[in-house]
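A quick write-up on the structure given underneath.
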Amino acid sequence: MSYQEPDENDYMAQEDQWDREGLLDPAWEKQQRKTFTAWCNSHLRKAGTQIEDIEKDFRNGLKLMLLLEVISGERLPKPDRGKMRFHKIANVNKALEFIASKGVKLVSIGAEEIVDGNAKMTLGMIWTIILRFAIQDISVEESSAKEGLLLWCQRKTAPYKNVNVQNFHMSWKDGLAFCALIHRHRPDLIDYDKLRKDDPLTNLNTAFDVADKYLDIPKMLDAEDIVDMAKPDERSIMTYVAAFYHAFSGNDKTETAANRICKVLNVNQENERLMDEYERLASDLLEWINRMRPWLENRTTDNTMEGVQKKLDDFRDYRRHQKPPKAEEKGQLEAAFNTLQTKLRLSNRPAFMPSEGKMVSDIANAWKGLEGAEKGYEEWLLSEMRRLERLDHLAKKFYHKAQIHESWTDGKEAKLAEQDYRQCQLQDIKALIKKHDAFETDLAAHQDRVEQIAAIAQELNDLEYHDVATINDRCSTICEEWDRLGDATGKRREALLNIESCLEAIEKLNLEFAKRAAPFNIWMDGAMEDLEDMFIVHSNEEIKELIAAHEQFKATLSDAEQEKNVIMSLMADVEKHKRMYNLSQHIENVYTLLTPEKIDSKWQRVKELVPKRDNSLQMELAKQMNHERLRVEFATLANKVGPWITEKTDETVHMALNIKGSLENNLTSLKSYQQNIIAYQPNIDQLETINQKVQESLVYDNKHTTYTMEHIRVGWEHLKTTLTRTINEIENQILLRDAKGITEEQMNEFRSSFNHFDRDHSGQLNTDEMNGVLTSLGYDVNLKEPKGEAEFQRIMAVVDPNATGMVTFQSFIDFMTHENIDSDTADQVINSFRILAGDKPYITADELRRELPPDQAEYCIQRMSQWRGPDAPPGALDYESFSTALYGESDL
């Protein structure tokens, strides 16, 4: 059954087991009787009385009221002196009402149980009195009551071996903790080094006897009771230890001074460590950026597709594996800088100024330059790929056309140089003239091809093709040969025309064959050239246009076949006439070099090339369809990821500007939100994978989306950086709140006032908005009055030292906390050192080692200069200059 119900705002926030378990164990109950009786007698003896039996002696309420008057120093109502039961109940009720008036709620404890001698209720009541009057007011640092008492014990016994105080039961069983408390304050009473952990009875009896004899702390427990119990009673130990605390509380002035110095030194050591860490991280990041810049700005290439592809692969590896960790380091560096500056402001230290060239702005500028070099390098690589791809296509086209031309011109120059017409008959001469006409027609038709070859060679020269020397040599050979062919053709025509008058007309059939075969042959040559011509396209529309043109060409094949049959029938008629008139079978057609076999051979070649052309066009169509699929796949995901990043960035900004509730809840919410954002990383990685496939397929444009991978990367990094910065700002607000001791309600009031006047939700206040918020908080800043204007200018000089006309929330909070809450100063630290030094103007190393923890004592000894005053003893240290340096410089 619970005998006490703690109020939520009361100091009595005990664990549940205090209510029940301590009253049910007989062994613990025995210890409590003994301890509580001794504790009560230690106070009652001041009034010249005592109790023997705790249940019986408090039954009439008289000694209970006397006990409360002694420990509280207040007068209780006059007791009833009668011996009747109702007199006793009335006295006990007066005592219980007095206890309740001190903020203690008593549940299920009534005067009747005390008057009836109920042991459990009586012990519970005495424990409540002990808690209220002996333990409640104990305060160590920010802890109070039980926690404060435990912390006090831990601080006092920390330097002693074999002592580790973690609770109020097992930690005291060997007696060393009691002896350590006495030795810490009165080392003359106990020789601690002679005590043994394996002799608890001696240790406990020594502590109890010395406390009773020299410290006026009555013996509340027997050593045997503690040793023999598996777990000593917590309430009994707490009551005993509280007596030691009150006995030694007068020595806390020195301890408070030492604690203040420890706190200041801890802050300074941590700040120095953060400064060194920032310098190291900044140096590493800047060194990496400076190492990457020359590589990204290099525009040299071996002018081959393989070389540029290797550079592109290296760049993709840099983007995906080298840069992301460095981007994360940059965010961590900015967060570390902000945290350090906040801690320096909170501890009244000067702001941290990094080494030259290592400011956050310097790193941001270097990073911006790196990203600019990145963009330029990527654009150059892609343009170089396009240029080399076109060069490769043009070179292949040049060689293909050159091979066709050279095949056609092979032997033509020698043939034109022949003088076969001198042995021919008239009929043969006429045939040679017609044959030459056909050759000139063919020659003129090939003029366009020669011009194309020369134009391609010139373009390869303009685009700096790596093997342009070979191209130029072959082009020169073709042009020189073409000029010779033109001269030879003219000379042969002139010779034939000189004897043309002597010649007869030739057979109509041969002439007709020549007339029809020549253009048909040219058409077949052109068709074969077109069917074998290479092509390059970049879209479905372009390849579909080629397929449509090819389909149109196939539609003309039936007419061409009819023409071919007509031509072949002409030569069949010639052969028929030869057989009919028994002419020589070796007589050639004098009007043309073409034969039915050549026409048929080329026709068969045309028919073979048609399905091959079909296949190559379909393959290219499949390739372009795959490109289109990649475009759509990238666009589909990018059109989802891009707006998502924008939405989350807006949400993050909104959350940063609309913080409600406790900072811890907002910090937890933002970190959870950050995990959700990080969980979206697979979508970014998937988009990177698709983008890599797009680039590997040399797809350069995408009409399905306005987003590029660069847009997505920049948005993603901006979202993560914004969220990290917002979390860091709230963490700094928590640091500021905890360091300055402001309540959650104060912080919420400051934030609510700031947000109310932040009309545009920019996170900053202009001068009019700042004047409004100060007026709402009770400051006299009426600009129409000289006093109000002067006060407003004073405040603006604090919150806006650079006169930008804008006030951030961080500056506003710093001002409000600085206006309302005091911080440690150099004078306070100097006074603390003076206490440790016993009012001397100097302090010794032994005094520092005795009063401070070892690491902080050595920190002071190493940094304090020698005291130069008169009669300075050897080793005297100057604590005043050391304290001043803590608040005047960032690096001692």
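Every chain in the structure tokens has a letter given in the order shown (A, B, ...), and although residue numbers restart at 1 in each chain, ligands are simply numbered from 1 in the order shown.
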
Find the residues near segment 490-492 of chain A: any atom within 12 Å, counting only C-alpha atoms, skip ones fewer than 4 places away on the same chain, and give them as number ranges by chain.
A: 413-421, 432-433, 435-437, 439-440, 443, 483-486, 496-499

Written file, previous selection with N, CA and C atoms, as a PDB file, in the first residue's frame:
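The result, stored in part_24.pdb:
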```pdb
ATOM      1  N   GLU A 413      41.651   5.749-118.228  1.00  0.00           N
ATOM      2  CA  GLU A 413      42.673   6.619-118.814  1.00  0.00           C
ATOM      3  C   GLU A 413      43.437   5.893-119.931  1.00  0.00           C
ATOM      4  N   ALA A 414      43.750   4.622-119.704  1.00  0.00           N
ATOM      5  CA  ALA A 414      44.460   3.849-120.740  1.00  0.00           C
ATOM      6  C   ALA A 414      43.573   3.601-121.954  1.00  0.00           C
ATOM      7  N   LYS A 415      42.279   3.351-121.662  1.00  0.00           N
ATOM      8  CA  LYS A 415      41.357   3.098-122.765  1.00  0.00           C
ATOM      9  C   LYS A 415      41.213   4.326-123.661  1.00  0.00           C
ATOM     10  N   LEU A 416      41.135   5.485-123.034  1.00  0.00           N
ATOM     11  CA  LEU A 416      41.009   6.717-123.819  1.00  0.00           C
ATOM     12  C   LEU A 416      42.266   7.009-124.647  1.00  0.00           C
ATOM     13  N   ALA A 417      43.385   6.486-124.198  1.00  0.00           N
ATOM     14  CA  ALA A 417      44.645   6.743-124.911  1.00  0.00           C
ATOM     15  C   ALA A 417      44.838   5.815-126.119  1.00  0.00           C
ATOM     16  N   GLU A 418      44.020   4.788-126.246  1.00  0.00           N
ATOM     17  CA  GLU A 418      44.157   3.866-127.385  1.00  0.00           C
ATOM     18  C   GLU A 418      43.823   4.563-128.727  1.00  0.00           C
ATOM     19  N   GLN A 419      44.413   4.073-129.822  1.00  0.00           N
ATOM     20  CA  GLN A 419      44.131   4.590-131.179  1.00  0.00           C
ATOM     21  C   GLN A 419      43.513   3.470-132.029  1.00  0.00           C
ATOM     22  N   ASP A 420      42.583   2.723-131.429  1.00  0.00           N
ATOM     23  CA  ASP A 420      41.933   1.599-132.115  1.00  0.00           C
ATOM     24  C   ASP A 420      41.110   2.046-133.309  1.00  0.00           C
ATOM     25  N   TYR A 421      40.701   3.303-133.371  1.00  0.00           N
ATOM     26  CA  TYR A 421      39.877   3.793-134.467  1.00  0.00           C
ATOM     27  C   TYR A 421      40.615   3.826-135.807  1.00  0.00           C
ATOM     28  N   LEU A 432      32.423   3.832-132.398  1.00  0.00           N
ATOM     29  CA  LEU A 432      33.335   4.400-131.402  1.00  0.00           C
ATOM     30  C   LEU A 432      32.886   5.805-130.974  1.00  0.00           C
ATOM     31  N   ILE A 433      32.359   6.574-131.968  1.00  0.00           N
ATOM     32  CA  ILE A 433      31.880   7.924-131.620  1.00  0.00           C
ATOM     33  C   ILE A 433      30.710   7.831-130.643  1.00  0.00           C
ATOM     34  N   LYS A 435      30.007   5.377-128.751  1.00  0.00           N
ATOM     35  CA  LYS A 435      30.525   4.835-127.487  1.00  0.00           C
ATOM     36  C   LYS A 435      31.171   5.935-126.660  1.00  0.00           C
ATOM     37  N   HIS A 436      31.871   6.826-127.353  1.00  0.00           N
ATOM     38  CA  HIS A 436      32.516   7.922-126.637  1.00  0.00           C
ATOM     39  C   HIS A 436      31.480   8.895-126.075  1.00  0.00           C
ATOM     40  N   ASP A 437      30.372   9.108-126.867  1.00  0.00           N
ATOM     41  CA  ASP A 437      29.289   9.953-126.337  1.00  0.00           C
ATOM     42  C   ASP A 437      28.755   9.393-125.021  1.00  0.00           C
ATOM     43  N   PHE A 439      30.352   7.504-122.997  1.00  0.00           N
ATOM     44  CA  PHE A 439      31.363   7.629-121.945  1.00  0.00           C
ATOM     45  C   PHE A 439      31.358   9.033-121.349  1.00  0.00           C
ATOM     46  N   GLU A 440      31.202  10.046-122.225  1.00  0.00           N
ATOM     47  CA  GLU A 440      31.195  11.405-121.730  1.00  0.00           C
ATOM     48  C   GLU A 440      29.956  11.650-120.842  1.00  0.00           C
ATOM     49  N   LEU A 443      30.828  10.140-117.709  1.00  0.00           N
ATOM     50  CA  LEU A 443      31.839  10.961-117.036  1.00  0.00           C
ATOM     51  C   LEU A 443      31.190  12.150-116.337  1.00  0.00           C
ATOM     52  N   ASP A 483      41.310  15.043-113.612  1.00  0.00           N
ATOM     53  CA  ASP A 483      41.739  16.052-114.587  1.00  0.00           C
ATOM     54  C   ASP A 483      42.345  15.400-115.838  1.00  0.00           C
ATOM     55  N   ARG A 484      43.122  14.355-115.630  1.00  0.00           N
ATOM     56  CA  ARG A 484      43.728  13.656-116.764  1.00  0.00           C
ATOM     57  C   ARG A 484      42.658  12.992-117.624  1.00  0.00           C
ATOM     58  N   LEU A 485      41.610  12.416-116.937  1.00  0.00           N
ATOM     59  CA  LEU A 485      40.516  11.798-117.678  1.00  0.00           C
ATOM     60  C   LEU A 485      39.801  12.840-118.546  1.00  0.00           C
ATOM     61  N   GLY A 486      39.596  14.039-118.013  1.00  0.00           N
ATOM     62  CA  GLY A 486      38.948  15.092-118.788  1.00  0.00           C
ATOM     63  C   GLY A 486      39.764  15.482-120.023  1.00  0.00           C
ATOM     64  N   LEU A 496      38.111  11.480-133.071  1.00  0.00           N
ATOM     65  CA  LEU A 496      36.962  10.790-133.658  1.00  0.00           C
ATOM     66  C   LEU A 496      36.172  11.711-134.585  1.00  0.00           C
ATOM     67  N   LEU A 497      36.038  12.997-134.199  1.00  0.00           N
ATOM     68  CA  LEU A 497      35.283  13.935-135.011  1.00  0.00           C
ATOM     69  C   LEU A 497      35.980  14.221-136.364  1.00  0.00           C
ATOM     70  N   ASN A 498      37.304  14.122-136.358  1.00  0.00           N
ATOM     71  CA  ASN A 498      38.061  14.390-137.593  1.00  0.00           C
ATOM     72  C   ASN A 498      37.739  13.366-138.685  1.00  0.00           C
ATOM     73  N   ILE A 499      37.353  12.124-138.252  1.00  0.00           N
ATOM     74  CA  ILE A 499      37.079  11.099-139.258  1.00  0.00           C
ATOM     75  C   ILE A 499      35.605  10.730-139.273  1.00  0.00           C
TER      76      ILE A 499
END
```

Shell around segment 787-789 of chain A at 12 Å using only C-alpha atoms, local window under 5 positions removed, as a list in words
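Contacts, with the query itself left out: Thr767, Asn771, Leu774, Thr775, Gly778, Tyr779, Asp780, Val781, Asn782, Arg794, Ile795 and Met796 of chain A.
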
Same residues, all heavy atoms, output as a CSV table (one decimal), in the first residue's frame:
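Saved the output as part-v3.csv:
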```
chain,number,residue,atom,x,y,z
A,767,THR,N,14.0,46.3,-39.6
A,767,THR,CA,14.1,47.2,-38.4
A,767,THR,C,12.7,47.4,-37.8
A,767,THR,O,12.5,47.5,-36.6
A,767,THR,CB,14.8,48.5,-38.7
A,767,THR,OG1,14.1,49.1,-39.9
A,767,THR,CG2,16.2,48.3,-39.1
A,771,ASN,N,11.4,46.3,-34.1
A,771,ASN,CA,10.9,47.3,-33.2
A,771,ASN,C,9.6,46.8,-32.6
A,771,ASN,O,9.3,46.9,-31.4
A,771,ASN,CB,10.7,48.6,-33.9
A,771,ASN,CG,10.3,49.7,-32.9
A,771,ASN,OD1,9.1,49.9,-32.7
A,771,ASN,ND2,11.2,50.4,-32.3
A,774,LEU,N,10.1,43.9,-30.1
A,774,LEU,CA,10.7,44.4,-28.8
A,774,LEU,C,9.6,45.1,-28.0
A,774,LEU,O,9.5,44.9,-26.8
A,774,LEU,CB,11.8,45.3,-29.1
A,774,LEU,CG,13.1,44.7,-29.6
A,774,LEU,CD1,14.1,45.8,-30.0
A,774,LEU,CD2,13.7,43.7,-28.6
A,775,THR,N,8.8,45.8,-28.7
A,775,THR,CA,7.7,46.5,-28.0
A,775,THR,C,6.7,45.5,-27.4
A,775,THR,O,6.3,45.7,-26.2
A,775,THR,CB,6.9,47.4,-29.0
A,775,THR,OG1,7.8,48.4,-29.6
A,775,THR,CG2,5.8,48.1,-28.3
A,778,GLY,N,7.9,44.2,-24.1
A,778,GLY,CA,7.9,45.2,-23.0
A,778,GLY,C,9.1,46.1,-23.0
A,778,GLY,O,9.3,46.9,-22.0
A,779,TYR,N,9.9,46.2,-24.1
A,779,TYR,CA,11.0,47.1,-24.2
A,779,TYR,C,10.5,48.5,-24.6
A,779,TYR,O,9.6,48.6,-25.4
A,779,TYR,CB,12.0,46.6,-25.2
A,779,TYR,CG,12.9,45.5,-24.7
A,779,TYR,CD1,12.4,44.1,-24.8
A,779,TYR,CD2,14.1,45.7,-24.2
A,779,TYR,CE1,13.2,43.1,-24.4
A,779,TYR,CE2,14.9,44.6,-23.7
A,779,TYR,CZ,14.4,43.3,-23.8
A,779,TYR,OH,15.2,42.3,-23.4
A,780,ASP,N,11.1,49.5,-24.0
A,780,ASP,CA,10.7,50.9,-24.3
A,780,ASP,C,11.6,51.4,-25.5
A,780,ASP,O,12.7,51.9,-25.4
A,780,ASP,CB,11.0,51.8,-23.1
A,780,ASP,CG,10.6,53.3,-23.4
A,780,ASP,OD1,9.9,53.5,-24.4
A,780,ASP,OD2,10.9,54.1,-22.5
A,781,VAL,N,11.0,51.1,-26.7
A,781,VAL,CA,11.8,51.4,-27.9
A,781,VAL,C,10.9,52.3,-28.8
A,781,VAL,O,10.9,52.2,-30.1
A,781,VAL,CB,12.2,50.2,-28.7
A,781,VAL,CG1,13.3,49.4,-27.9
A,781,VAL,CG2,11.0,49.2,-28.9
A,782,ASN,N,10.2,53.3,-28.2
A,782,ASN,CA,9.3,54.2,-29.0
A,782,ASN,C,10.3,55.1,-29.8
A,782,ASN,O,11.0,55.9,-29.2
A,782,ASN,CB,8.4,55.0,-28.1
A,782,ASN,CG,7.4,55.8,-28.9
A,782,ASN,OD1,7.5,56.0,-30.1
A,782,ASN,ND2,6.4,56.3,-28.2
A,794,ARG,N,20.8,50.9,-29.4
A,794,ARG,CA,21.7,50.0,-28.6
A,794,ARG,C,21.4,48.5,-28.9
A,794,ARG,O,22.4,47.8,-29.1
A,794,ARG,CB,21.5,50.3,-27.1
A,794,ARG,CG,22.3,49.4,-26.2
A,794,ARG,CD,21.9,49.5,-24.7
A,794,ARG,NE,20.7,48.8,-24.5
A,794,ARG,CZ,20.6,47.5,-24.3
A,794,ARG,NH1,21.6,46.8,-24.3
A,794,ARG,NH2,19.4,47.0,-24.0
A,795,ILE,N,20.1,48.2,-28.9
A,795,ILE,CA,19.8,46.8,-29.2
A,795,ILE,C,20.2,46.4,-30.6
A,795,ILE,O,20.7,45.3,-30.8
A,795,ILE,CB,18.3,46.5,-28.9
A,795,ILE,CG1,18.0,46.8,-27.4
A,795,ILE,CG2,17.9,45.1,-29.3
A,795,ILE,CD1,16.5,46.7,-27.1
A,796,MET,N,19.9,47.2,-31.6
A,796,MET,CA,20.3,46.9,-33.0
A,796,MET,C,21.8,46.8,-33.1
A,796,MET,O,22.2,45.9,-34.0
A,796,MET,CB,19.7,48.0,-33.9
A,796,MET,CG,18.2,48.0,-34.1
A,796,MET,SD,17.6,46.4,-34.7
A,796,MET,CE,18.3,46.4,-36.3
```

Could you give me, as a PyMOL selection string, the residues within 8 Å of Tyr240 of chain A, counting only C-alpha atoms and dropping anything in the same chain fewer than 3 positions from it?
chain A and resi 35+220+236-237+243-244

Filtering to C-alpha atoms, could you give me those residues as a short mmCIF file (atom, residue, chain, number, x, y, z; two decimals), in the first residue's frame?
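Contents of the output file result.cif:
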```cif
data_model
loop_
_atom_site.label_atom_id
_atom_site.label_comp_id
_atom_site.auth_asym_id
_atom_site.auth_seq_id
_atom_site.Cartn_x
_atom_site.Cartn_y
_atom_site.Cartn_z
CA THR A 35 18.28 4.43 11.64
CA MET A 220 22.40 5.04 13.17
CA SER A 236 18.56 3.81 6.02
CA ILE A 237 21.72 4.41 4.00
CA ALA A 243 23.73 13.39 7.89
CA PHE A 244 27.29 13.33 6.46
#
```

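Distance-wise, atom CA of Trp152 of chain A and atom CA of Ile190 of chain A end up 20.1 Å apart.
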
Skip Asp871 of chain A itself and residues of its chain fewer than 6 positions away, then list as a list in words all residues within 12 Å of it, counting only C-alpha atoms.
Lys840, Pro841 and Tyr842 of chain A

I need the residues in segment 8-146 of chain A that are strand (DSSP E or B) according to DSSP; give them as a PyMOL selection string.
chain A and resi 106+139-140+143-144

Closest of A:Asn290, A:Asn118, A:Ser811, A:Gln427 to Asn365 of chain A - atom-to-atom distances counting only C-alpha atoms
A:Asn290

Please provide the set of residues having any atom within 12 Å of Val798 of chain A, restricted to only C-alpha atoms, with same-chain residues fewer than 4 positions apart removed, written as a PyMOL selection string.
chain A and resi 791-794+802-803+807-808+811-816+818-819

Residue contacts of Phe208 of chain A (10 Å, only C-alpha atoms) excluding same-chain residues fewer than 6 positions away, as a PDB file with N, CA and C atoms, in the first residue's frame:
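Now in part_13.pdb:
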```pdb
ATOM      1  N   GLY A 175      31.992  -0.299   3.430  1.00  0.00           N
ATOM      2  CA  GLY A 175      32.389   0.756   4.350  1.00  0.00           C
ATOM      3  C   GLY A 175      33.379   1.755   3.793  1.00  0.00           C
ATOM      4  N   PHE A 178      31.926   5.349   3.137  1.00  0.00           N
ATOM      5  CA  PHE A 178      31.782   6.184   4.333  1.00  0.00           C
ATOM      6  C   PHE A 178      33.133   6.767   4.741  1.00  0.00           C
ATOM      7  N   CYS A 179      34.181   5.902   4.741  1.00  0.00           N
ATOM      8  CA  CYS A 179      35.517   6.361   5.144  1.00  0.00           C
ATOM      9  C   CYS A 179      36.049   7.414   4.174  1.00  0.00           C
ATOM     10  N   THR A 202      35.530  -3.682   9.898  1.00  0.00           N
ATOM     11  CA  THR A 202      36.461  -2.684  10.432  1.00  0.00           C
ATOM     12  C   THR A 202      36.213  -1.322   9.784  1.00  0.00           C
ATOM     13  N   LEU A 215      32.274  14.116  14.557  1.00  0.00           N
ATOM     14  CA  LEU A 215      31.451  14.869  13.609  1.00  0.00           C
ATOM     15  C   LEU A 215      30.035  15.103  14.105  1.00  0.00           C
ATOM     16  N   ILE A 217      27.697  13.004  14.448  1.00  0.00           N
ATOM     17  CA  ILE A 217      26.723  12.212  13.683  1.00  0.00           C
ATOM     18  C   ILE A 217      26.471  10.937  14.475  1.00  0.00           C
ATOM     19  N   PRO A 218      25.305  10.783  15.099  1.00  0.00           N
ATOM     20  CA  PRO A 218      25.066   9.611  15.946  1.00  0.00           C
ATOM     21  C   PRO A 218      25.126   8.314  15.126  1.00  0.00           C
ATOM     22  N   LYS A 219      25.465   7.247  15.785  1.00  0.00           N
ATOM     23  CA  LYS A 219      25.543   5.936  15.126  1.00  0.00           C
ATOM     24  C   LYS A 219      24.125   5.440  14.860  1.00  0.00           C
ATOM     25  N   MET A 220      23.755   5.386  13.547  1.00  0.00           N
ATOM     26  CA  MET A 220      22.396   5.037  13.166  1.00  0.00           C
ATOM     27  C   MET A 220      22.251   3.583  12.753  1.00  0.00           C
ATOM     28  N   LEU A 221      23.358   2.874  12.484  1.00  0.00           N
ATOM     29  CA  LEU A 221      23.314   1.472  12.064  1.00  0.00           C
ATOM     30  C   LEU A 221      24.453   0.713  12.701  1.00  0.00           C
ATOM     31  N   ASP A 222      24.292  -0.591  12.794  1.00  0.00           N
ATOM     32  CA  ASP A 222      25.382  -1.465  13.230  1.00  0.00           C
ATOM     33  C   ASP A 222      26.076  -2.023  12.007  1.00  0.00           C
ATOM     34  N   ALA A 223      27.409  -2.110  12.070  1.00  0.00           N
ATOM     35  CA  ALA A 223      28.171  -2.614  10.923  1.00  0.00           C
ATOM     36  C   ALA A 223      27.722  -4.020  10.550  1.00  0.00           C
ATOM     37  N   TYR A 240      21.516   8.087   6.654  1.00  0.00           N
ATOM     38  CA  TYR A 240      22.849   8.199   7.264  1.00  0.00           C
ATOM     39  C   TYR A 240      23.741   9.121   6.434  1.00  0.00           C
TER      40      TYR A 240
END
```

Using only C-alpha atoms: which of A:Pro801, A:Gly61, A:Gly875, A:Pro786 has the shortest distance to Met84 of chain A
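Closest residue, counting only C-alpha atoms: A:Gly61.
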
Between atom CA of Ile182 of chain A and atom CA of Ala207 of chain A, measure the distance and give it in Å to one decimal.
7.4 Å

Do a neighbour search on Thr301 of chain A at 12 Å with only C-alpha atoms, toss out local chain neighbours closer than 3 positions, and write the hits as a PyMOL selection string.
chain A and resi 298+304-312+380-381+384-385+388+466

Among the residues of segment 573-753 of chain A, find those DSSP assigns to alpha helix (DSSP H) from the backbone and print them as a ChimeraX atom specification.
/A:573-581,596-657,663-678,681-696,709-740,744-753

Quick one: pull the distance between atom CA of Thr652 of chain A and atom CA of Thr636 of chain A, Å, one decimal.
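Value for the atom CA of Thr652 of chain A-atom CA of Thr636 of chain A distance: 24.7 Å.
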
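You can rank A:Ala656, A:Val468, A:Ile730, A:Ala638 by their closest distance to Thr706 of chain A using only C-alpha atoms, and at the top of that list sits A:Ala638.
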